file protein.txt (compact mmCIF, C-alpha atoms)
# COMPACT_ATOMS: atom_id res chain seq x y z
CA MET A 1 0.00 0.00 0.00
CA SER A 2 1.40 3.37 -0.91
CA GLU A 3 1.47 6.27 1.50
CA THR A 4 -1.15 8.22 -0.34
CA THR A 5 -3.90 5.68 0.40
CA ALA A 6 -3.63 6.29 4.16
CA THR A 7 -6.50 8.42 5.42
CA LEU A 8 -5.88 11.89 6.78
CA TYR A 9 -6.58 10.57 10.28
CA GLU A 10 -3.94 7.84 9.85
CA GLN A 11 -1.41 10.26 8.41
CA LEU A 12 -1.87 12.55 11.38
CA GLY A 13 -1.33 9.69 13.82
CA GLY A 14 -4.85 8.76 14.85
CA GLU A 15 -6.10 8.97 18.41
CA ALA A 16 -2.62 9.54 19.85
CA ALA A 17 -2.37 12.68 17.72
CA VAL A 18 -5.75 13.89 18.94
CA ASN A 19 -4.65 13.35 22.54
CA ALA A 20 -1.43 15.25 21.92
CA ALA A 21 -3.30 18.13 20.32
CA VAL A 22 -6.29 18.55 22.61
CA ASP A 23 -4.55 20.16 25.62
CA ILE A 24 -2.41 22.44 23.45
CA PHE A 25 -5.44 23.52 21.45
CA TYR A 26 -7.64 24.08 24.50
CA ARG A 27 -4.89 26.10 26.24
CA LYS A 28 -4.54 28.30 23.16
CA VAL A 29 -8.28 28.88 22.99
CA LEU A 30 -8.53 29.73 26.72
CA SER A 31 -5.58 32.13 26.43
CA ASP A 32 -6.96 33.90 23.35
CA HIS A 33 -8.61 37.14 24.48
CA ARG A 34 -10.67 37.33 21.29
CA ILE A 35 -12.63 34.19 22.21
CA ASN A 36 -11.98 33.01 25.77
CA ARG A 37 -15.06 34.76 27.20
CA PHE A 38 -17.19 32.16 25.41
CA PHE A 39 -15.69 29.56 27.73
CA ASP A 40 -16.08 31.40 31.05
CA ASN A 41 -18.91 29.29 32.40
CA THR A 42 -18.09 25.91 30.93
CA ASP A 43 -17.22 22.77 32.85
CA MET A 44 -13.61 22.20 31.81
CA ASP A 45 -13.71 18.40 31.85
CA LYS A 46 -16.79 18.30 29.65
CA GLN A 47 -15.39 21.00 27.39
CA ALA A 48 -12.12 19.08 26.93
CA ALA A 49 -14.14 16.00 25.95
CA LYS A 50 -16.03 18.11 23.39
CA GLN A 51 -12.76 19.52 22.06
CA LYS A 52 -11.55 15.96 21.62
CA SER A 53 -14.66 15.04 19.63
CA PHE A 54 -14.23 18.15 17.50
CA LEU A 55 -10.53 17.47 16.84
CA THR A 56 -11.25 13.83 15.96
CA MET A 57 -13.77 15.06 13.39
CA ALA A 58 -11.44 17.77 12.04
CA PHE A 59 -8.64 15.18 11.78
CA GLY A 60 -10.90 13.09 9.55
CA GLY A 61 -11.34 10.44 12.24
CA PRO A 62 -14.35 8.31 13.17
CA ASN A 63 -17.11 10.58 14.42
CA ASN A 64 -20.82 11.12 14.74
CA TYR A 65 -20.64 14.71 13.61
CA SER A 66 -24.06 16.20 13.16
CA GLY A 67 -24.56 19.68 11.79
CA ALA A 68 -27.77 19.95 13.81
CA ASP A 69 -25.91 19.22 17.08
CA MET A 70 -23.23 21.78 16.24
CA ARG A 71 -25.91 24.36 15.44
CA GLN A 72 -27.83 23.68 18.63
CA ALA A 73 -24.69 23.73 20.81
CA HIS A 74 -23.64 27.19 19.58
CA ALA A 75 -27.02 28.87 18.96
CA HIS A 76 -27.12 30.58 22.38
CA LEU A 77 -23.58 31.93 21.84
CA VAL A 78 -24.63 33.43 18.50
CA LYS A 79 -27.74 35.01 19.97
CA LYS A 80 -26.56 36.14 23.39
CA LEU A 81 -22.81 36.69 23.07
CA GLY A 82 -22.52 37.67 19.42
CA LEU A 83 -20.49 34.72 18.16
CA ASP A 84 -19.49 35.58 14.57
CA ASP A 85 -17.02 34.90 11.74
CA THR A 86 -14.12 36.66 13.49
CA HIS A 87 -14.42 34.23 16.42
CA PHE A 88 -14.69 31.24 14.12
CA ASP A 89 -11.55 32.45 12.29
CA ALA A 90 -9.73 32.72 15.63
CA VAL A 91 -10.56 29.10 16.50
CA VAL A 92 -9.33 27.87 13.11
CA GLU A 93 -6.16 29.93 13.59
CA ASN A 94 -5.57 28.29 16.99
CA LEU A 95 -6.16 24.89 15.45
CA ALA A 96 -3.54 25.54 12.74
CA ALA A 97 -1.08 26.90 15.32
CA THR A 98 -1.57 23.77 17.42
CA LEU A 99 -0.71 21.54 14.48
CA GLN A 100 2.31 23.67 13.57
CA GLU A 101 3.54 23.30 17.14
CA LEU A 102 3.25 19.52 16.70
CA ASN A 103 5.26 19.73 13.45
CA VAL A 104 2.42 18.54 11.26
CA PRO A 105 3.19 19.16 7.54
CA GLN A 106 1.41 22.15 6.02
CA ASN A 107 -0.55 20.12 3.43
CA LEU A 108 -2.17 18.10 6.23
CA ILE A 109 -2.88 21.27 8.22
CA ASN A 110 -4.68 22.64 5.18
CA GLN A 111 -6.86 19.54 5.01
CA VAL A 112 -7.75 19.79 8.70
CA ALA A 113 -8.56 23.49 8.30
CA ALA A 114 -10.83 22.64 5.36
CA ILE A 115 -12.81 20.13 7.43
CA ALA A 116 -13.12 22.65 10.28
CA GLU A 117 -14.22 25.25 7.74
CA SER A 118 -17.06 22.98 6.61
CA THR A 119 -18.74 23.45 10.02
CA ARG A 120 -18.78 27.28 9.83
CA ASN A 121 -22.40 27.77 8.81
CA ASP A 122 -23.67 25.25 11.34
CA VAL A 123 -21.67 26.82 14.17
CA LEU A 124 -22.79 30.32 13.24
CA ASP A 125 -26.41 29.17 12.85
CA ARG A 126 -27.08 30.31 9.29
CA MET B 1 -15.45 -14.42 21.56
CA SER B 2 -18.70 -15.39 23.16
CA MET B 3 -21.82 -13.93 24.67
CA HIS B 4 -21.82 -12.53 28.19
CA LYS B 5 -24.52 -11.71 30.67
CA ILE B 6 -24.80 -8.11 31.91
CA SER B 7 -26.77 -7.38 35.09
CA VAL B 8 -28.07 -3.83 34.94
CA ASN B 9 -30.93 -2.06 36.73
CA ASP B 10 -32.27 -5.35 38.18
CA ARG B 11 -32.33 -6.93 34.73
CA ASP B 12 -30.10 -9.44 33.02
CA ILE B 13 -29.35 -8.80 29.38
CA ILE B 14 -27.10 -10.55 26.92
CA CYS B 15 -24.16 -8.80 25.30
CA GLU B 16 -23.57 -10.48 21.95
CA SER B 17 -20.15 -11.36 20.68
CA GLY B 18 -18.53 -8.24 19.19
CA GLU B 19 -21.12 -5.94 20.75
CA THR B 20 -20.35 -3.16 23.21
CA VAL B 21 -22.13 -2.82 26.54
CA LEU B 22 -23.69 0.42 25.24
CA ASP B 23 -25.07 -1.26 22.12
CA ALA B 24 -26.46 -4.15 24.17
CA CYS B 25 -28.20 -1.72 26.55
CA LEU B 26 -29.66 0.33 23.71
CA ARG B 27 -30.86 -2.81 21.94
CA GLU B 28 -32.63 -3.84 25.15
CA ASN B 29 -34.18 -0.36 25.55
CA ILE B 30 -32.29 0.33 28.77
CA ASP B 31 -32.17 4.02 29.56
CA ILE B 32 -28.47 4.93 29.31
CA PRO B 33 -27.03 8.33 28.39
CA TYR B 34 -24.58 8.39 25.48
CA GLY B 35 -23.11 10.75 22.91
CA CYS B 36 -20.16 10.21 20.59
CA ARG B 37 -20.02 6.38 20.88
CA GLN B 38 -16.24 6.47 20.46
CA GLY B 39 -14.87 7.09 23.93
CA ALA B 40 -14.45 10.84 23.66
CA CYS B 41 -17.47 12.49 25.26
CA GLN B 42 -17.67 10.20 28.31
CA SER B 43 -21.48 10.56 28.42
CA CYS B 44 -21.94 6.79 28.74
CA MET B 45 -19.73 6.39 31.82
CA VAL B 46 -21.01 3.55 34.02
CA ARG B 47 -19.54 1.57 36.89
CA SER B 48 -18.65 -2.09 37.23
CA LEU B 49 -20.00 -3.59 40.44
CA GLN B 50 -18.00 -6.83 40.20
CA GLY B 51 -14.31 -6.05 39.97
CA PRO B 52 -12.38 -4.11 37.36
CA PRO B 53 -13.79 -3.76 33.82
CA PRO B 54 -11.67 -4.40 30.70
CA LEU B 55 -8.74 -1.94 30.72
CA ALA B 56 -9.49 -0.69 27.21
CA ALA B 57 -12.91 0.52 28.37
CA GLN B 58 -11.29 2.95 30.84
CA ASP B 59 -9.26 4.82 28.24
CA GLY B 60 -8.99 8.52 29.03
CA LEU B 61 -10.69 8.37 32.45
CA LYS B 62 -9.22 9.98 35.54
CA GLU B 63 -7.17 7.64 37.69
CA VAL B 64 -9.64 7.94 40.59
CA LEU B 65 -12.52 6.99 38.26
CA ARG B 66 -10.58 3.96 37.00
CA HIS B 67 -9.81 3.07 40.60
CA GLN B 68 -13.54 2.97 41.35
CA HIS B 69 -14.17 0.76 38.29
CA HIS B 70 -15.90 3.37 36.18
CA PHE B 71 -15.72 2.71 32.46
CA LEU B 72 -17.17 3.82 29.13
CA ALA B 73 -19.98 1.54 27.94
CA CYS B 74 -19.26 2.41 24.29
CA LEU B 75 -15.69 1.07 24.56
CA CYS B 76 -16.49 -2.04 26.58
CA TYR B 77 -16.44 -5.49 25.01
CA PRO B 78 -17.07 -7.74 28.04
CA GLN B 79 -14.48 -10.43 28.78
CA GLN B 80 -16.78 -12.10 31.31
CA ASP B 81 -20.24 -11.66 32.82
CA MET B 82 -20.63 -8.21 34.34
CA ALA B 83 -22.82 -6.34 36.80
CA ILE B 84 -22.98 -2.62 36.12
CA SER B 85 -24.59 0.45 37.61
CA ILE B 86 -25.81 3.24 35.35
CA SER B 87 -27.09 5.66 37.98
CA SER B 88 -25.26 6.37 41.21
CA PRO B 89 -25.93 3.58 43.71
CA THR B 90 -28.39 3.97 46.55
CA GLU B 91 -26.83 5.61 49.55
CA PHE B 92 -26.12 3.57 52.64
CA PHE B 93 -25.90 5.17 56.06
CA THR B 94 -24.21 3.97 59.20
CA GLU B 95 -24.74 5.22 62.73
CA ALA B 96 -22.11 7.40 64.40
CA THR B 97 -21.63 9.04 67.78
CA VAL B 98 -20.04 12.43 68.42
CA ILE B 99 -16.94 11.80 70.54
CA GLU B 100 -15.26 15.20 70.31
CA LYS B 101 -16.27 18.76 69.53
CA SER B 102 -13.87 21.71 69.58
CA LEU B 103 -13.60 25.16 68.04
CA LEU B 104 -10.98 25.65 65.32
CA ASN B 105 -11.75 29.35 65.02
CA ALA B 106 -14.70 31.63 65.77
CA GLU B 107 -16.75 30.21 62.90
CA THR B 108 -15.52 26.64 62.44
CA VAL B 109 -16.01 23.67 64.72
CA GLN B 110 -14.21 20.34 64.47
CA LEU B 111 -16.45 17.36 65.03
CA THR B 112 -15.11 13.84 65.49
CA LEU B 113 -17.48 10.93 65.03
CA GLN B 114 -17.03 7.30 66.03
CA CYS B 115 -18.74 5.21 63.35
CA LYS B 116 -20.40 1.91 64.17
CA GLU B 117 -18.92 0.30 61.08
CA THR B 118 -15.43 0.64 59.64
CA MET B 119 -15.54 3.11 56.78
CA ASP B 120 -13.72 2.41 53.53
CA TYR B 121 -12.79 5.92 52.48
CA TYR B 122 -9.89 7.80 50.95
CA ALA B 123 -8.46 11.03 52.36
CA GLY B 124 -10.20 13.92 50.60
CA GLN B 125 -13.59 12.26 50.11
CA PHE B 126 -16.81 13.53 51.66
CA VAL B 127 -19.84 11.96 53.32
CA ASN B 128 -23.38 13.10 53.90
CA LEU B 129 -24.24 13.68 57.54
CA LYS B 130 -27.90 13.11 58.38
CA ARG B 131 -29.71 14.45 61.42
CA ALA B 132 -32.54 12.38 62.99
CA ASP B 133 -35.19 14.44 61.16
CA GLY B 134 -33.54 13.76 57.80
CA LEU B 135 -31.76 17.12 57.31
CA THR B 136 -28.61 16.18 55.38
CA ARG B 137 -25.44 18.06 54.39
CA SER B 138 -22.16 17.03 52.75
CA TYR B 139 -18.90 17.42 54.68
CA SER B 140 -15.35 16.47 53.75
CA ILE B 141 -13.42 13.97 55.85
CA ALA B 142 -10.52 15.80 57.50
CA ASN B 143 -8.36 12.87 58.54
CA ASN B 144 -6.32 10.22 56.75
CA ARG B 145 -7.32 6.63 56.07
CA LEU B 146 -5.71 5.24 59.20
CA HIS B 147 -8.60 6.14 61.47
CA ALA B 148 -11.11 3.91 59.72
CA ASN B 149 -13.84 4.20 62.39
CA LYS B 150 -13.13 7.76 63.45
CA LEU B 151 -13.99 10.59 61.09
CA SER B 152 -13.32 14.29 61.65
CA PHE B 153 -15.14 17.17 59.97
CA HIS B 154 -14.70 20.94 59.92
CA ILE B 155 -18.10 22.59 60.08
CA ARG B 156 -18.17 26.23 59.17
CA ARG B 157 -21.07 28.19 60.57
CA LEU B 158 -23.05 29.80 57.76
CA ALA B 159 -25.54 32.62 58.15
CA GLY B 160 -28.91 30.91 58.05
CA GLY B 161 -27.33 27.48 57.61
CA ARG B 162 -29.73 25.10 59.32
CA PHE B 163 -27.34 22.19 59.71
CA SER B 164 -24.23 24.19 60.58
CA GLU B 165 -26.11 26.35 63.14
CA TRP B 166 -27.46 23.20 64.75
CA ALA B 167 -24.05 21.52 64.75
CA HIS B 168 -22.49 24.58 66.38
CA GLN B 169 -25.20 25.30 68.94
CA GLU B 170 -27.00 22.10 69.83
CA LEU B 171 -25.01 19.04 68.82
CA ASN B 172 -23.08 17.62 71.77
CA VAL B 173 -20.63 14.85 72.58
CA GLY B 174 -22.61 11.61 72.90
CA ASP B 175 -25.24 12.60 70.32
CA LYS B 176 -25.88 10.38 67.32
CA LEU B 177 -25.83 11.11 63.58
CA GLU B 178 -26.01 9.04 60.44
CA VAL B 179 -23.05 8.94 58.06
CA SER B 180 -23.31 7.99 54.37
CA ASP B 181 -20.85 5.99 52.32
CA PRO B 182 -17.82 8.09 51.36
CA GLN B 183 -18.15 9.84 48.02
CA GLY B 184 -16.29 12.11 45.67
CA LEU B 185 -13.25 11.86 43.44
CA CYS B 186 -11.03 14.53 44.99
CA TYR B 187 -8.73 12.13 46.82
CA TYR B 188 -5.16 10.93 47.09
CA LEU B 189 -3.87 7.64 45.74
CA PRO B 190 -0.29 6.62 46.57
CA THR B 191 0.70 6.30 42.90
CA SER B 192 3.20 8.41 40.96
CA GLN B 193 4.90 9.29 44.23
CA GLU B 194 7.51 11.45 42.54
CA ASN B 195 4.89 13.89 41.22
CA ASN B 196 4.60 17.24 42.96
CA LEU B 197 1.31 18.01 44.69
CA LEU B 198 -0.34 21.42 44.90
CA LEU B 199 -3.26 21.80 47.30
CA ILE B 200 -5.27 25.02 47.47
CA GLY B 201 -8.18 25.52 49.83
CA THR B 202 -10.32 28.33 51.19
CA GLY B 203 -12.04 28.29 54.57
CA SER B 204 -13.01 24.79 55.70
CA GLY B 205 -11.58 23.53 52.39
CA LEU B 206 -8.55 22.89 54.57
CA ALA B 207 -10.32 19.79 55.96
CA PRO B 208 -9.99 17.43 52.96
CA LEU B 209 -6.60 18.93 52.06
CA ALA B 210 -5.19 18.29 55.54
CA GLY B 211 -6.41 14.70 55.22
CA ILE B 212 -4.70 14.36 51.84
CA VAL B 213 -1.43 15.88 53.12
CA SER B 214 -1.44 13.52 56.08
CA GLU B 215 -2.17 10.54 53.82
CA ALA B 216 0.56 11.51 51.33
CA LEU B 217 3.15 12.01 54.07
CA HIS B 218 2.15 8.71 55.65
CA HIS B 219 2.81 6.99 52.32
CA GLY B 220 6.20 8.70 52.07
CA HIS B 221 5.22 10.74 49.02
CA LYS B 222 8.48 11.70 47.31
CA GLY B 223 7.51 14.79 45.31
CA ALA B 224 7.08 18.23 46.82
CA ILE B 225 3.77 18.94 48.57
CA HIS B 226 2.63 22.58 48.57
CA LEU B 227 -0.41 23.59 50.60
CA PHE B 228 -1.97 27.07 50.32
CA HIS B 229 -4.79 27.91 52.72
CA GLY B 230 -6.67 31.14 52.22
CA SER B 231 -9.40 33.20 53.76
CA ARG B 232 -10.51 36.81 53.62
CA GLU B 233 -9.11 37.65 57.02
CA MET B 234 -7.01 36.07 59.73
CA ASP B 235 -10.00 34.88 61.74
CA GLY B 236 -11.06 32.58 58.85
CA LEU B 237 -7.78 30.64 59.03
CA TYR B 238 -6.93 27.86 61.48
CA TRP B 239 -4.27 25.21 62.16
CA ILE B 240 -1.54 27.67 61.17
CA GLU B 241 0.85 26.44 63.87
CA GLU B 242 -0.03 22.79 63.25
CA MET B 243 0.76 23.12 59.55
CA GLN B 244 3.96 25.08 60.20
CA GLU B 245 5.00 22.37 62.63
CA LEU B 246 4.32 19.69 59.99
CA ALA B 247 6.36 21.67 57.46
CA SER B 248 9.30 21.76 59.87
CA GLN B 249 9.10 17.96 60.26
CA TYR B 250 8.91 17.07 56.57
CA ALA B 251 11.40 18.64 54.16
CA ASN B 252 9.10 18.16 51.13
CA PHE B 253 6.00 19.72 52.73
CA HIS B 254 5.49 23.47 52.27
CA TYR B 255 2.68 25.50 53.78
CA THR B 256 1.52 29.02 53.00
CA ALA B 257 -1.33 30.81 54.78
CA CYS B 258 -2.93 33.64 52.79
CA VAL B 259 -5.41 36.43 53.54
CA SER B 260 -7.02 38.41 50.75
CA ARG B 261 -8.04 41.42 52.87
CA GLY B 262 -6.68 43.33 55.80
CA ASP B 263 -3.22 43.10 57.25
CA ALA B 264 -1.18 39.95 56.95
CA PRO B 265 0.98 39.31 60.00
CA ASP B 266 4.46 37.79 59.75
CA GLY B 267 4.41 34.36 58.13
CA VAL B 268 1.12 35.01 56.31
CA VAL B 269 0.99 36.19 52.69
CA ARG B 270 -1.38 38.91 51.50
CA GLY B 271 -3.41 37.78 48.46
CA ARG B 272 -5.86 35.15 47.30
CA ALA B 273 -4.51 31.65 47.90
CA ASN B 274 -4.79 30.64 44.25
CA ASP B 275 -3.07 33.79 42.98
CA VAL B 276 -0.26 33.45 45.53
CA ALA B 277 0.22 29.80 44.50
CA MET B 278 0.27 30.56 40.77
CA THR B 279 2.84 33.33 41.28
CA LEU B 280 5.14 31.11 43.33
CA LEU B 281 4.70 28.06 41.08
CA PRO B 282 4.56 29.27 37.47
CA SER B 283 4.97 25.84 35.85
CA LEU B 284 2.61 23.04 36.88
CA LYS B 285 3.43 20.54 34.14
CA GLY B 286 3.21 17.06 35.67
CA TRP B 287 1.75 18.33 38.96
CA ARG B 288 -1.27 16.83 40.68
CA LEU B 289 -3.71 19.40 42.05
CA TYR B 290 -6.36 19.35 44.75
CA LEU B 291 -8.72 22.35 44.99
CA CYS B 292 -11.32 22.60 47.73
CA GLY B 293 -13.57 25.38 48.96
CA HIS B 294 -15.43 28.29 47.44
CA PRO B 295 -16.89 27.37 44.02
CA ASP B 296 -15.54 30.54 42.35
CA MET B 297 -12.03 29.86 43.62
CA VAL B 298 -12.21 26.24 42.47
CA HIS B 299 -13.53 27.18 39.01
CA GLN B 300 -10.98 29.93 38.49
CA THR B 301 -8.04 27.93 39.80
CA LYS B 302 -8.84 24.95 37.63
CA ARG B 303 -8.47 27.18 34.61
CA GLN B 304 -5.33 28.87 35.95
CA ALA B 305 -3.71 25.52 36.73
CA PHE B 306 -4.53 24.15 33.27
CA LEU B 307 -3.04 27.25 31.64
CA HIS B 308 0.03 26.83 33.85
CA GLY B 309 0.56 23.41 32.31
CA ALA B 310 -1.31 20.94 34.54
CA ALA B 311 -3.21 18.19 32.69
CA LEU B 312 -6.97 18.29 33.30
CA GLN B 313 -6.99 14.70 34.47
CA ASP B 314 -4.53 15.63 37.23
CA ILE B 315 -6.76 18.39 38.61
CA HIS B 316 -9.04 17.20 41.40
CA ALA B 317 -11.63 19.64 42.60
CA ASP B 318 -14.31 19.76 45.24
CA ALA B 319 -16.40 22.94 45.12
CA PHE B 320 -18.29 23.58 48.34
CA HIS B 321 -21.71 24.65 47.15
CA VAL B 322 -23.80 25.86 50.03
CA ALA B 323 -27.53 25.77 50.52
CA SER B 324 -27.59 29.08 52.35
CA ALA B 325 -26.29 32.64 52.14
CA THR B 326 -22.66 33.60 51.89
CA LEU B 327 -19.22 32.26 52.46
CA ASP B 328 -16.03 34.01 51.45
call {"tool": "encode", "arguments": {"input": "protein.txt", "output": "structure tokens"}}
result
Amino acid sequence: MSETTATLYEQLGGEAAVNAAVDIFYRKVLSDHRINRFFDNTDMDKQAAKQKSFLTMAFGGPNNYSGADMRQAHAHLVKKLGLDDTHFDAVVENLAATLQELNVPQNLINQVAAIAESTRNDVLDR
Amino acid sequence: MSMHKISVNDRDIICESGETVLDACLRENIDIPYGCRQGACQSCMVRSLQGPPPLAAQDGLKEVLRHQHHFLACLCYPQQDMAISISSPTEFFTEATVIEKSLLNAETVQLTLQCKETMDYYAGQFVNLKRADGLTRSYSIANNRLHANKLSFHIRRLAGGRFSEWAHQELNVGDKLEVSDPQGLCYYLPTSQENNLLLIGTGSGLAPLAGIVSEALHHGHKGAIHLFHGSREMDGLYWIEEMQELASQYANFHYTACVSRGDAPDGVVRGRANDVAMTLLPSLKGWRLYLCGHPDMVHQTKRQAFLHGAALQDIHADAFHVASATLD
């Protein structure tokens, strides 16, 4: 089997890669003044578990991603706290920075960013 | 591979070969919460009632949860027949007698109970104390595991607190109370002894932390142990000399008393306990944390500690939510 037939998830390193990324990513998000207020009242253990699900999906891994769930989970943030494109961009930026920190090749980072991008309209409820 | 029997909610169901416990429960219409079905969201966490579950089903769970045989139903392919609990088990109470009552400071009383039965608890856990009329409140165990029949509690008097007022004013040596099974996951296990420990508590949050410190020292914990106890003012602190004495006995134990308002006398630091700790210990990578006391302090410190490098699964927290009025 040639290298190119491996899935994105396999190329990234599977679940071990998600585990390596989740704390780095979550720390970046919580330290980012553009977006950390959205996380002020969250339970950190549950939020970390959600971040792991999100990263698994963005890494092209096995998931039960549902646009409706994503929409429902963020709807109150859109309505009450003004979640918009700039915040979504900031999250994608943190995701890319996380992968750069883990020395993931740029072409794989681009693929992850594209999957994350595909959730934009669901997250922003439009 | 073969089929196994699962006892759950007073029913016996069959888990087919190659089927997870979650799938078997759903197929049998058993009410079980779940989410991602891949071990990430931990919604389907259940508990094995007959010994440890398969190791692979505990992936990603906190050590204390694994220790109590919790596992993820979506990751569990049974290796043998199992009995599991989906909801938290019914509480059992044992009778206890007050054998000692003394004031720790103007607002906190230490109560020592002699339990009828030996209690299997870990330092840092809490129990529910029940008065004869059924009024029940949670209190942390303040001693280490060695005193299996004798439990101590620090009861802070709260404005309008029915239980704490009663415990302060009316409860006397010789009176009886009921004590529940020990609960909670904010406790010390004598593993990874070389890891450093950071314990931060406000008010009577010192109770479980003092138990944990005593337990860790008893086990000869090798890493550094840093305890920060905070209150608004000096009169909210207690056991300052006892802790300083302990620190002089054990080279790896360090104690800092903190007050967030008013003057701090010699040997006490001015500032909130969590802020003082984070300033003194900027890198918490690989540290184990125990946070007990005011819910806002616990919530804020959890985030601070994570941003200072601690892994979430190494942060143990017990927020003291109160039924009445204020605490600092």
call {"tool": "atom_distance", "arguments": {"input": "protein.txt", "atom1": "CA of Thr97 (chain B)", "atom2": "CA of Leu113 (chain B)"}}
result
5.3 Å
call {"tool": "residues_near_point", "arguments": {"input": "protein.txt", "point": "(-10.2, 37.2, 17.6)", "cutoff": "8 Å", "atoms": "only C-alpha atoms", "output": "list in words"}}
result
Asp32, His33, Arg34, Ile35, Thr86, His87, Asp89 and Ala90 of chain A
call {"tool": "write_last_selection", "arguments": {"input": "protein.txt", "atoms": "C-alpha atoms", "output": "CSV table (one decimal), in the coordinates of the input"}}
result
chain,number,residue,atom,x,y,z
A,32,ASP,CA,-7.0,33.9,23.4
A,33,HIS,CA,-8.6,37.1,24.5
A,34,ARG,CA,-10.7,37.3,21.3
A,35,ILE,CA,-12.6,34.2,22.2
A,86,THR,CA,-14.1,36.7,13.5
A,87,HIS,CA,-14.4,34.2,16.4
A,89,ASP,CA,-11.6,32.4,12.3
A,90,ALA,CA,-9.7,32.7,15.6
call {"tool": "closest_residue", "arguments": {"input": "protein.txt", "among": "B:Leu246, B:Asn172, B:Ser204, B:Glu194", "to": "Lys222 (chain B)", "atoms": "all atoms listed in the file"}}
result
B:Glu194
call {"tool": "residues_around", "arguments": {"input": "protein.txt", "residues": "region 72-85 of chain A", "least_positions_apart": "2", "cutoff": "8 Å", "atoms": "all atoms listed in the file", "output": "list in words"}}
result
Phe38, Ala68, Asp69, Met70, His87, Phe88, Asp89, Val123, Leu124 and Asp125 of chain A
call {"tool": "closest_residue", "arguments": {"input": "protein.txt", "among": "B:Ala132, B:Leu197, B:Leu103, B:Ala148", "to": "Lys116 (chain B)", "atoms": "only C-alpha atoms"}}
result
B:Ala148
call {"tool": "residues_around", "arguments": {"input": "protein.txt", "residues": "Ala224 (chain B)", "least_positions_apart": "5", "cutoff": "12 Å", "atoms": "only C-alpha atoms", "output": "list in words"}}
result
Gln193, Glu194, Asn195, Asn196, Leu197, Leu198, Leu199, Val213, Ala216, Leu217, Ala247, Tyr250, Ala251, Asn252, Phe253, His254, Tyr255, Leu281, Leu284, Gly286, Trp287, Arg288 and Leu289 of chain B
call {"tool": "closest_residue", "arguments": {"input": "protein.txt", "among": "B:Ser43, B:Ser140, B:Ser260, B:Asn149", "to": "chain A", "atoms": "all atoms listed in the file"}}
result
B:Ser43
call {"tool": "residues_near_point", "arguments": {"input": "protein.txt", "point": "(-23.5, 12.5, 53.1)", "cutoff": "9 Å", "atoms": "all atoms listed in the file", "output": "list in words"}}
result
Glu91, Phe93, Phe126, Val127, Asn128, Leu129, Lys130, Thr136, Arg137, Ser138, Tyr139, Glu178, Val179, Ser180, Asp181, Pro182 and Gln183 of chain B
call {"tool": "interface_residues", "arguments": {"input": "protein.txt", "of": "chain A", "to": "chain B", "cutoff": "12 Å", "atoms": "only C-alpha atoms", "output": "PyMOL selection string"}}
result
chain A and resi 15-16+18-20+22-32+36+39-57+61-66+69
call {"tool": "atom_distance", "arguments": {"input": "protein.txt", "atom1": "CA of His70 (chain B)", "atom2": "CA of Tyr34 (chain B)"}}
result
14.7 Å
call {"tool": "residues_around", "arguments": {"input": "protein.txt", "residues": "Leu95 (chain A)", "least_positions_apart": "2", "cutoff": "9 Å", "atoms": "only C-alpha atoms", "output": "JSON, numbers by chain"}}
result
{"A": [21, 25, 28, 29, 55, 90, 91, 92, 93, 97, 98, 99, 100, 109, 112, 113, 116]}
call {"tool": "closest_residue", "arguments": {"input": "protein.txt", "among": "B:Val298, B:Ile13, B:Val64, B:Ala56", "to": "Thr191 (chain B)", "atoms": "all atoms listed in the file"}}
result
B:Val64
call {"tool": "closest_residue", "arguments": {"input": "protein.txt", "among": "B:Cys292, B:Val46, B:Leu61, B:Phe228", "to": "Val269 (chain B)", "atoms": "all atoms listed in the file"}}
result
B:Phe228
call {"tool": "atom_distance", "arguments": {"input": "protein.txt", "atom1": "CA of Phe59 (chain A)", "atom2": "CA of Ala24 (chain B)"}}
result
29.1 Å
